[in-house]
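Source file: protein_10.cif; contents: mmCIF, C-alpha atoms.
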```
data_data
#
loop_
_atom_site.label_atom_id
_atom_site.label_comp_id
_atom_site.auth_asym_id
_atom_site.auth_seq_id
_atom_site.Cartn_x
_atom_site.Cartn_y
_atom_site.Cartn_z
CA MET A 115 -17.29 -3.77 -7.49
CA GLY A 116 -16.21 -6.80 -5.56
CA VAL A 117 -14.35 -9.59 -7.35
CA MET A 118 -13.89 -13.24 -6.45
CA ALA A 119 -10.27 -14.40 -6.23
CA GLY A 120 -10.76 -17.25 -8.66
CA ALA A 121 -12.23 -15.03 -11.37
CA PRO A 122 -10.69 -11.55 -11.14
CA CYS A 123 -12.87 -9.94 -13.81
CA GLU A 124 -16.22 -11.39 -12.78
CA LEU A 125 -18.79 -9.27 -11.01
CA SER A 126 -19.53 -10.27 -7.43
CA ALA A 127 -22.99 -11.35 -6.37
CA GLU A 128 -23.56 -8.17 -4.42
CA SER A 129 -23.04 -6.00 -7.53
CA LYS A 130 -25.15 -8.15 -9.92
CA ARG A 131 -28.67 -6.96 -10.46
CA PRO A 132 -31.57 -9.42 -10.34
CA GLU A 133 -32.55 -10.95 -13.68
CA GLU A 134 -35.86 -9.17 -13.83
CA GLU A 135 -34.21 -5.80 -13.23
CA ALA A 136 -31.70 -6.44 -15.99
CA VAL A 137 -34.47 -7.23 -18.46
CA ALA A 138 -36.03 -3.85 -17.80
CA VAL A 139 -32.89 -2.04 -18.92
CA SER A 140 -33.08 -0.67 -22.45
CA GLY A 141 -31.26 1.67 -24.80
CA PRO A 142 -27.46 1.88 -25.05
CA LEU A 143 -26.98 -0.01 -21.81
CA ALA A 144 -28.92 -2.99 -23.14
CA GLY A 145 -26.68 -2.96 -26.19
CA VAL A 146 -23.64 -3.14 -24.00
CA ARG A 147 -25.12 -6.03 -22.05
CA GLU A 148 -25.85 -7.80 -25.33
CA ALA A 149 -22.25 -7.35 -26.44
CA GLU A 150 -21.09 -8.84 -23.18
CA GLY A 151 -23.37 -11.82 -23.64
CA VAL A 152 -21.93 -12.47 -27.10
CA ALA A 153 -18.41 -12.22 -25.76
CA ASN A 154 -19.14 -14.81 -23.07
CA THR A 155 -20.92 -17.40 -25.24
CA ASP A 156 -19.68 -20.98 -24.90
CA SER A 157 -19.91 -22.02 -28.56
CA ASP A 158 -17.10 -21.23 -31.03
CA SER A 159 -15.47 -19.01 -28.38
CA ASP A 160 -11.89 -18.65 -27.31
CA LEU A 161 -13.19 -19.03 -23.76
CA GLU A 162 -13.51 -22.75 -24.34
CA THR A 163 -9.82 -23.00 -23.56
CA GLU A 164 -10.15 -21.04 -20.30
CA GLY A 165 -7.95 -22.44 -17.59
CA ALA A 166 -5.42 -23.98 -19.98
CA PRO A 167 -1.76 -23.08 -19.44
CA GLY A 168 -0.97 -19.62 -20.77
CA GLN A 169 -4.61 -18.69 -21.31
CA ASP A 170 -6.33 -15.52 -20.09
CA THR A 171 -8.32 -16.44 -16.98
CA CYS A 172 -10.34 -13.21 -17.18
CA GLY A 173 -12.11 -14.05 -20.42
CA LEU A 174 -10.83 -10.85 -22.05
CA GLY A 175 -9.06 -12.71 -24.86
CA ASP A 176 -6.22 -11.27 -26.90
CA LEU A 177 -6.35 -7.51 -26.44
CA VAL A 178 -4.36 -6.85 -29.56
CA ARG A 179 -6.66 -8.88 -31.82
CA GLU A 180 -10.00 -8.08 -30.16
CA PRO A 181 -9.95 -4.57 -28.65
CA ARG A 182 -13.60 -3.91 -29.55
CA ARG A 183 -14.72 -7.04 -27.71
CA VAL A 184 -12.70 -6.01 -24.67
CA HIS A 185 -14.20 -2.53 -24.84
CA SER A 186 -17.71 -4.01 -24.70
CA ILE A 187 -16.92 -6.14 -21.64
CA VAL A 188 -15.26 -3.28 -19.78
CA LEU A 189 -18.11 -0.92 -20.57
CA ALA A 190 -20.64 -3.52 -19.39
CA SER A 191 -18.74 -3.97 -16.16
CA CYS A 192 -18.63 -0.23 -15.57
CA PHE A 193 -22.32 0.35 -16.29
CA ARG A 194 -23.44 -2.58 -14.20
CA CYS A 195 -22.13 -1.05 -11.00
CA GLU A 196 -23.90 2.25 -11.63
CA GLY A 197 -26.26 3.02 -8.78
CA SER A 198 -24.86 0.22 -6.62
CA ALA A 199 -21.19 -0.70 -6.23
CA SER A 200 -18.62 2.01 -6.83
CA GLU A 201 -15.55 -0.19 -7.31
CA LEU A 202 -14.10 -1.48 -10.58
CA THR A 203 -11.67 -4.35 -10.01
CA LEU A 204 -9.83 -5.82 -12.99
CA ARG A 205 -6.87 -7.63 -11.45
CA HIS A 206 -4.61 -10.04 -13.37
CA CYS A 207 -6.51 -9.47 -16.64
CA GLY A 208 -3.58 -8.83 -18.96
CA LEU A 209 -5.07 -5.53 -20.13
CA GLY A 210 -1.75 -4.15 -21.33
CA PRO A 211 -1.38 -0.67 -22.82
CA GLN A 212 -4.16 -1.17 -25.41
CA GLY A 213 -6.61 -2.49 -22.84
CA SER A 214 -5.97 0.56 -20.69
CA GLN A 215 -6.99 2.77 -23.62
CA THR A 216 -10.38 1.10 -23.88
CA LEU A 217 -10.75 1.29 -20.12
CA ALA A 218 -9.95 5.02 -20.12
CA SER A 219 -12.75 5.59 -22.62
CA ALA A 220 -15.17 3.68 -20.40
CA LEU A 221 -14.17 5.66 -17.31
CA PHE A 222 -15.13 8.94 -18.97
CA SER A 223 -18.74 7.74 -19.12
CA SER A 224 -18.72 6.06 -15.68
CA PRO A 225 -18.67 8.82 -13.06
CA HIS A 226 -19.90 6.44 -10.37
CA ILE A 227 -16.53 4.64 -10.17
CA LYS A 228 -14.71 5.67 -6.99
CA ARG A 229 -12.17 2.87 -6.61
CA LEU A 230 -10.10 1.61 -9.55
CA ASP A 231 -8.08 -1.58 -9.02
CA LEU A 232 -5.88 -2.58 -11.97
CA ARG A 233 -3.21 -4.54 -10.10
CA ASP A 234 -1.01 -6.82 -12.24
CA ASN A 235 -2.12 -5.98 -15.77
CA GLY A 236 1.15 -5.29 -17.55
CA LEU A 237 0.11 -1.69 -18.22
CA CYS A 238 3.70 -0.43 -18.49
CA ALA A 239 4.41 3.26 -19.11
CA ALA A 240 2.14 3.42 -22.16
CA GLY A 241 -0.79 2.09 -20.17
CA ALA A 242 -0.29 4.66 -17.44
CA GLU A 243 -0.15 7.42 -20.04
CA ALA A 244 -3.42 6.16 -21.55
CA LEU A 245 -5.15 6.53 -18.19
CA VAL A 246 -3.90 10.06 -17.58
CA GLY A 247 -6.90 11.78 -19.12
CA ALA A 248 -9.42 9.84 -17.06
CA LEU A 249 -7.48 10.29 -13.83
CA THR A 250 -6.94 13.99 -14.46
CA LYS A 251 -10.57 14.88 -15.18
CA SER A 252 -12.42 12.50 -12.87
CA SER A 253 -13.76 14.15 -9.74
CA TYR A 254 -15.04 10.81 -8.40
CA ILE A 255 -12.11 8.38 -8.45
CA CYS A 256 -10.46 8.62 -5.05
CA ASP A 257 -8.68 5.25 -4.71
CA VAL A 258 -6.28 3.87 -7.36
CA ASP A 259 -4.29 0.61 -7.29
CA LEU A 260 -1.75 0.28 -10.11
CA SER A 261 0.58 -2.11 -8.30
CA GLU A 262 2.63 -4.68 -10.23
CA ASN A 263 2.27 -3.00 -13.61
CA GLN A 264 5.90 -2.35 -14.62
CA LEU A 265 5.20 1.38 -14.77
CA GLY A 266 8.82 2.45 -14.43
CA VAL A 267 9.95 6.05 -14.27
CA VAL A 268 8.08 7.17 -17.41
CA GLY A 269 4.80 5.71 -16.22
CA VAL A 270 5.16 7.21 -12.77
CA GLN A 271 6.00 10.60 -14.26
CA ALA A 272 2.76 10.56 -16.24
CA LEU A 273 0.73 9.26 -13.32
CA CYS A 274 2.08 11.83 -10.85
CA ALA A 275 1.33 14.64 -13.29
CA ALA A 276 -2.26 13.43 -13.53
CA LEU A 277 -2.64 13.09 -9.78
CA MET A 278 -1.26 16.55 -9.14
CA ALA A 279 -4.09 17.91 -11.28
CA ASN A 280 -6.74 15.94 -9.40
CA PRO A 281 -7.16 16.62 -5.68
CA ALA A 282 -9.99 14.05 -5.48
CA VAL A 283 -7.60 11.10 -5.27
CA ARG A 284 -6.96 10.12 -1.65
CA LYS A 285 -5.23 6.73 -1.91
CA VAL A 286 -2.63 5.44 -4.39
CA GLN A 287 -0.93 2.02 -4.48
CA LEU A 288 2.20 1.63 -6.62
CA ALA A 289 3.77 -1.47 -5.10
CA GLY A 290 5.99 -3.71 -7.20
CA ASN A 291 6.58 -1.38 -10.15
CA GLY A 292 10.36 -1.47 -10.28
CA LEU A 293 10.60 2.17 -9.18
CA GLU A 294 14.14 3.48 -8.70
CA GLU A 295 15.85 6.73 -7.77
CA LYS A 296 14.67 8.68 -10.84
CA ALA A 297 11.04 7.86 -10.09
CA ALA A 298 11.47 9.27 -6.56
CA ARG A 299 11.84 12.74 -8.05
CA TYR A 300 8.29 12.70 -9.42
CA ILE A 301 6.88 11.12 -6.27
CA ALA A 302 8.53 13.87 -4.22
CA GLU A 303 6.88 16.50 -6.42
CA LEU A 304 3.55 14.77 -5.85
CA LEU A 305 4.05 14.91 -2.08
CA LEU A 306 4.85 18.61 -2.25
CA VAL A 307 1.79 19.49 -4.34
CA HIS A 308 -0.98 16.96 -3.64
CA MET A 309 -1.92 17.66 -0.02
CA SER A 310 -5.20 15.77 -0.34
CA LEU A 311 -3.42 12.44 -0.79
CA GLN A 312 -3.80 10.48 2.45
CA SER A 313 -2.41 7.01 1.73
CA LEU A 314 0.55 6.00 -0.46
CA ASP A 315 1.99 2.51 -0.97
CA LEU A 316 5.48 2.36 -2.52
CA SER A 317 6.41 -1.08 -1.18
CA TYR A 318 8.23 -3.78 -3.13
CA ASN A 319 10.17 -1.36 -5.32
CA GLU A 320 13.85 -0.54 -5.73
CA LEU A 321 14.00 2.84 -4.01
CA SER A 322 17.52 3.21 -2.62
CA ASP A 323 19.74 5.80 -0.92
CA GLY A 324 19.21 8.54 -3.49
CA ALA A 325 15.47 8.04 -3.29
CA GLY A 326 15.58 8.42 0.49
CA GLU A 327 17.48 11.68 0.16
CA THR A 328 14.86 12.91 -2.32
CA LEU A 329 11.75 11.73 -0.49
CA GLY A 330 12.87 12.76 3.02
CA PRO A 331 12.61 16.55 2.52
CA ALA A 332 9.32 16.12 0.63
CA LEU A 333 7.91 14.08 3.50
CA ALA A 334 8.89 16.81 5.94
CA GLU A 335 6.90 19.37 3.93
CA ASN A 336 3.86 17.21 3.21
CA THR A 337 0.73 18.12 5.16
CA GLY A 338 -1.77 15.53 3.98
CA LEU A 339 -0.35 12.00 4.03
CA THR A 340 -1.44 9.86 6.99
CA GLU A 341 -0.33 6.39 5.81
CA LEU A 342 2.90 5.53 3.97
CA SER A 343 4.40 2.14 3.14
CA MET A 344 8.04 1.99 2.05
CA SER A 345 8.58 -1.67 2.95
CA TRP A 346 10.71 -3.97 0.80
CA ASN A 347 12.90 -1.27 -0.73
CA HIS A 348 16.61 -0.46 -0.45
CA LEU A 349 16.71 2.50 1.95
CA ARG A 350 20.13 2.33 3.59
CA GLY A 351 22.93 4.54 4.85
CA PRO A 352 22.58 8.28 4.16
CA GLY A 353 19.30 7.70 2.34
CA ALA A 354 17.73 6.05 5.38
CA VAL A 355 18.96 8.86 7.63
CA ALA A 356 17.61 11.54 5.28
CA PHE A 357 14.25 9.80 5.10
CA ALA A 358 14.07 9.56 8.91
CA ARG A 359 14.80 13.27 9.19
CA GLY A 360 11.80 13.86 6.98
CA LEU A 361 9.71 11.96 9.51
CA GLU A 362 11.03 14.27 12.21
CA GLY A 363 9.62 17.30 10.37
CA ASN A 364 6.30 15.71 9.44
CA ILE A 365 3.34 16.41 11.71
CA PHE A 366 0.57 14.53 9.89
CA LEU A 367 1.74 10.97 9.22
CA LYS A 368 0.13 8.37 11.51
CA VAL A 369 1.22 5.05 9.99
CA LEU A 370 4.67 4.29 8.57
CA ASP A 371 5.96 0.94 7.33
CA ILE A 372 9.69 0.89 6.55
CA SER A 373 10.19 -2.83 7.17
CA TYR A 374 12.54 -4.90 5.03
CA ASN A 375 14.95 -2.12 4.16
CA GLY A 376 18.45 -1.62 5.52
CA PHE A 377 18.21 1.28 7.96
CA GLY A 378 20.84 -0.25 10.22
CA ASP A 379 22.09 1.50 13.32
CA PRO A 380 22.47 4.99 11.75
CA GLY A 381 18.90 4.85 10.43
CA ALA A 382 17.57 3.57 13.77
CA SER A 383 19.32 6.43 15.54
CA ALA A 384 17.77 8.95 13.13
CA VAL A 385 14.31 7.45 13.71
CA GLY A 386 14.92 7.73 17.46
CA GLU A 387 15.64 11.43 17.03
CA ALA A 388 12.50 11.80 14.93
CA LEU A 389 10.37 10.19 17.64
CA LYS A 390 11.54 12.83 20.09
CA ALA A 391 10.01 15.60 17.98
CA ASN A 392 7.17 13.79 16.22
CA ASN A 393 3.91 13.95 18.15
CA MET A 394 1.61 12.42 15.54
CA LEU A 395 2.96 9.01 14.45
CA GLU A 396 0.97 6.10 15.93
CA GLU A 397 2.21 2.98 14.12
CA LEU A 398 5.77 2.21 13.05
CA ASN A 399 7.08 -0.99 11.48
CA MET A 400 10.89 -1.32 11.41
CA SER A 401 11.17 -5.09 11.20
CA ASN A 402 14.09 -6.63 9.32
CA ASN A 403 16.30 -3.54 9.10
CA ARG A 404 19.68 -4.83 10.32
CA ILE A 405 19.38 -3.00 13.63
CA SER A 406 21.84 -4.22 16.24
CA ALA A 407 21.79 -3.67 20.00
CA VAL A 408 23.57 -0.33 19.49
CA GLY A 409 20.88 0.89 17.11
CA ALA A 410 18.15 -0.37 19.40
CA LEU A 411 19.51 1.70 22.28
CA SER A 412 19.55 4.80 20.06
CA LEU A 413 15.99 4.12 18.95
CA GLY A 414 15.00 3.81 22.60
CA LEU A 415 16.05 7.39 23.27
CA GLY A 416 13.06 8.56 21.27
CA LEU A 417 10.73 6.22 23.14
CA ARG A 418 11.68 7.84 26.42
CA VAL A 419 9.80 11.02 25.48
CA ASN A 420 7.35 10.04 22.72
CA GLN A 421 3.70 10.09 23.80
CA THR A 422 1.78 9.14 20.63
CA LEU A 423 3.30 5.92 19.26
CA ARG A 424 0.93 2.98 19.90
CA ILE A 425 2.52 0.22 17.84
CA LEU A 426 6.21 -0.46 17.32
CA VAL A 427 7.37 -3.51 15.36
CA VAL A 428 11.12 -4.23 15.45
CA SER A 429 11.03 -7.97 14.84
CA ARG A 430 13.70 -9.86 12.87
CA ASN A 431 16.50 -7.49 13.79
CA PRO A 432 19.84 -8.74 15.23
CA MET A 433 19.47 -6.66 18.38
CA ARG A 434 19.69 -9.66 20.73
CA SER A 435 18.31 -9.61 24.26
CA GLU A 436 20.49 -6.61 25.11
CA GLY A 437 18.86 -4.43 22.48
CA CYS A 438 15.35 -5.60 23.36
CA PHE A 439 16.06 -4.82 26.99
CA GLY A 440 17.26 -1.30 26.10
CA VAL A 441 14.12 -0.51 24.11
CA LEU A 442 11.84 -1.82 26.85
CA LYS A 443 13.79 0.08 29.53
CA SER A 444 13.18 3.31 27.60
CA VAL A 445 9.46 2.56 27.61
CA GLN A 446 9.61 1.98 31.35
CA ASP A 447 11.24 5.37 31.80
CA ASN A 448 8.31 7.05 30.02
CA PRO A 449 5.13 6.79 32.12
CA ALA A 450 3.29 8.85 29.50
CA SER A 451 4.00 6.27 26.76
CA ALA A 452 1.01 5.36 24.59
CA LEU A 453 2.47 2.02 23.47
CA GLU A 454 0.00 -0.85 23.15
CA LEU A 455 2.13 -3.27 21.11
CA LEU A 456 5.90 -3.76 21.27
CA ASP A 457 6.88 -6.53 18.84
CA PHE A 458 10.28 -8.25 19.17
CA SER A 459 9.11 -11.41 17.37
CA ASP A 460 11.89 -13.91 16.59
CA SER A 461 14.17 -12.30 19.18
CA GLN A 462 15.30 -14.60 21.97
CA VAL A 463 15.42 -12.82 25.31
CA ASN A 464 16.85 -13.74 28.71
CA LYS A 465 15.46 -13.76 32.23
CA GLU A 466 16.57 -10.17 32.83
CA PHE A 467 14.31 -9.05 29.99
CA ASP A 468 11.41 -11.15 31.30
CA ASP A 469 11.75 -9.57 34.74
CA LEU A 470 11.75 -6.08 33.22
CA ALA A 471 8.71 -6.96 31.12
CA ASP A 472 6.82 -7.95 34.25
CA ALA A 473 7.74 -4.64 35.88
CA VAL A 474 6.69 -2.61 32.83
CA LYS A 475 3.32 -4.40 32.74
CA VAL A 476 2.61 -2.95 36.18
CA ILE A 477 3.09 0.58 34.83
CA LEU A 478 1.48 -0.09 31.44
CA PRO A 479 -0.99 -2.95 31.96
CA GLY A 480 -2.38 -2.59 28.44
CA LEU A 481 1.00 -3.10 26.75
CA CYS A 482 1.39 -6.30 24.68
CA ILE A 483 5.01 -7.48 24.39
CA LYS A 484 5.94 -10.07 21.77
CA THR A 485 9.26 -11.93 21.71
CA GLY A 486 10.55 -15.23 20.40
CA ALA A 487 9.18 -16.90 23.51
CA ARG A 488 6.07 -14.80 24.12
CA ARG A 489 3.46 -15.60 21.46
CA VAL A 490 0.85 -13.19 22.76
CA GLU A 491 -1.92 -12.22 20.37
CA TYR A 492 -2.50 -8.52 19.90
CA LYS A 493 -6.26 -8.08 19.79
CA LYS A 494 -6.58 -4.73 18.04
CA GLU A 495 -6.63 -4.72 14.24
CA LEU A 496 -3.64 -3.21 12.45
CA LEU A 497 -4.21 -0.60 9.78
CA PRO A 498 -4.04 -1.68 6.09
CA VAL A 499 -0.39 -0.91 5.40
CA PHE A 500 0.69 -3.21 8.25
CA ARG A 501 -1.24 -6.20 6.96
CA ALA A 502 0.74 -8.86 5.16
CA SER A 503 0.99 -8.55 1.39
CA SER A 504 3.02 -10.51 -1.12
CA PRO A 505 3.19 -9.06 -4.63
CA ALA A 506 4.38 -11.33 -7.38
CA SER A 507 7.86 -9.85 -7.39
CA ALA A 508 9.52 -8.90 -4.11
CA SER A 509 13.15 -7.97 -3.80
CA ASN A 510 15.27 -6.50 -1.05
#
```
As a first step, turn the structure in this file into structure tokens.
Amino acid sequence: MGVMAGAPCELSAESKRPEEEAVAVSGPLAGVREAEGVANTDSDSDLETEGAPGQDTCGLGDLVREPRRVHSIVLASCFRCEGSASELTLRHCGLGPQGSQTLASALFSSPHIKRLDLRDNGLCAAGAEALVGALTKSSYICDVDLSENQLGVVGVQALCAALMANPAVRKVQLAGNGLEEKAARYIAELLLVHMSLQSLDLSYNELSDGAGETLGPALAENTGLTELSMSWNHLRGPGAVAFARGLEGNIFLKVLDISYNGFGDPGASAVGEALKANNMLEELNMSNNRISAVGALSLGLGLRVNQTLRILVVSRNPMRSEGCFGVLKSVQDNPASALELLDFSDSQVNKEFDDLADAVKVILPGLCIKTGARRVEYKKELLPVFRASSPASASN
């Protein structure tokens, strides 16, 4: 179910049925439609204040005072996409824990829903627990976005337990939920059990050293995940090294975003070692990780032998021209390199680097090299986890 940005809970045109088709609907579904119509009436309605400061822009009203009205609207939304769209998007609706309970009830009778997007609804732990039953028993929902919902460790514990019981789920987004080291324990268990999970977004959380030490071994054992975003967390020191060692043992992951952490030189060196052994990873984002020229040279050691990596982003690191030169020299020393994009954006390089870049282009004519001076557009589309995103709360 597509949703317009200006009205997060409205049905898109492509999922609305023609008027004449709607008239033909009868029975319980017609009753639900009627309830929705009453809820959206202009006269004597709380929606007359829509758009005013502090008001609910979704038209769901106060969930605590009017749960039955909310239930009718959610049910109508679910039923409307039956036989057509398979996505239910209720972003920024202020559902809260009680709203998630009414939604869970609706999901039990809506088996056509495959993608559930509840980003930024203040669900908290109680809301996640309310959805457990639906997520556990549904054999249709395969894509879940619960980002920016203040789930915390209790909410993630409940969610991971539900996901471990449901192999149908392939993609989970948990960005911006304030997840810390304790939550990593349950995520690690999920990675060890749920081998059908292919994409996981843990960006914009507070996962630090201890989390890296917990998630690293789990990543090494996981045999299903192909995309993982850990950007905008606090992976540093031993935790960053432990996480990188997990990458070394993993043979399934294709896309990894660890940008905006604090891997530093030890973490960059560990990633370099991982690239020597890993023959599956294709896209790696390490931008803004406090990597100096020393760390860049260590990272380059992996590039000398790696034959699968296509995209490497190391922009916004203090590696200077010396570090950029070292990385590029390693690529030159590997004629079997698969690199298509080498991104040093915001790094100023000297003439020695430019000369080397010209020489490398002879060996790898398809390689795109970006620096502070070279604003070359990379034509191929990046995969989802590399595309820019900006949740409401981002901390590093």
Neighbours of point (11.4, -1.0, 28.4) within 9 Å, using all atoms listed in the file, written as a PyMOL selection string: chain A and resi 414+417+438-448+467+470-471+474
Could you save those same residues with C-alpha atoms as a short mmCIF file (atom, residue, chain, number, x, y, z; two decimals), in the coordinates of the input?
```
data_model
loop_
_atom_site.label_atom_id
_atom_site.label_comp_id
_atom_site.auth_asym_id
_atom_site.auth_seq_id
_atom_site.Cartn_x
_atom_site.Cartn_y
_atom_site.Cartn_z
CA GLY A 414 15.00 3.81 22.60
CA LEU A 417 10.73 6.22 23.14
CA CYS A 438 15.35 -5.60 23.36
CA PHE A 439 16.06 -4.82 26.99
CA GLY A 440 17.26 -1.30 26.10
CA VAL A 441 14.12 -0.51 24.11
CA LEU A 442 11.84 -1.82 26.85
CA LYS A 443 13.79 0.08 29.53
CA SER A 444 13.18 3.31 27.60
CA VAL A 445 9.46 2.56 27.61
CA GLN A 446 9.61 1.98 31.35
CA ASP A 447 11.24 5.37 31.80
CA ASN A 448 8.31 7.05 30.02
CA PHE A 467 14.31 -9.05 29.99
CA LEU A 470 11.75 -6.08 33.22
CA ALA A 471 8.71 -6.96 31.12
CA VAL A 474 6.69 -2.61 32.83
#
```
Just say which residues the PyMOL selection byres ((chain A and resi 219) around 10) picks in this file, as a list in words. His185, Val188, Leu189, Ser214, Gln215, Thr216, Leu217, Ala218, Ala220, Leu221, Phe222, Ser223, Ser224, Ala244, Leu245, Gly247 and Ala248 of chain A
Apply the PyMOL selection byres ((chain A and resi 251-259) around 9) to the structure shown and report the selected residues as a PyMOL selection string. chain A and resi 221-222+225-233+246-250+260-261+276+279-289
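In this comparison, which uses all atoms listed in the file, the residue of A:Leu304, A:Val369, A:Leu293, A:Ala240 approaching His348 of chain A most closely is A:Leu293.
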Residues in the PyMOL selection byres ((chain A and resi 451) around 10), expressed as an NGL selection string: :A and (417-424 or 444-450 or 452-454 or 477-478 or 481)
Computed interatomic separation between atom CA of Asp468 of chain A and atom CA of Asn393 of chain A (Å): 29.3 Å
Quick check, in Å to one decimal: how far apart do atom CA of Asp457 of chain A and atom CA of Ser435 of chain A lie? 13.0 Å
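Atom CA of Ala325 of chain A to atom CA of Ala298 of chain A spans 5.3 Å [interatomic distance, one decimal].
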Using all atoms listed in the file, find the one residue out of A:Gly353, A:Pro432, A:Gly290, A:Gly210 that sits nearest to Ser461 of chain A. A:Pro432
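Residues with at least one atom no more than 8 Å from (12.5, 2.7, 1.5), using all atoms listed in the file, are Ser317, Leu321, Ser322, Ala325, Gly326, Met344, Ser345, Trp346, Asn347, His348, Leu349, Arg350, Ala354, Ile372 and Asn375 of chain A.
Taking all atoms listed in the file into account, Thr337 of chain A lies nearest to A:Gly363 out of the set A:Gly292, A:Pro380, A:Gly266, A:Gly363.
Using only C-alpha atoms, the nearest neighbour of Pro352 of chain A within the list A:Gly437, A:Gly486, A:Gly480, A:Gly376 is A:Gly376.
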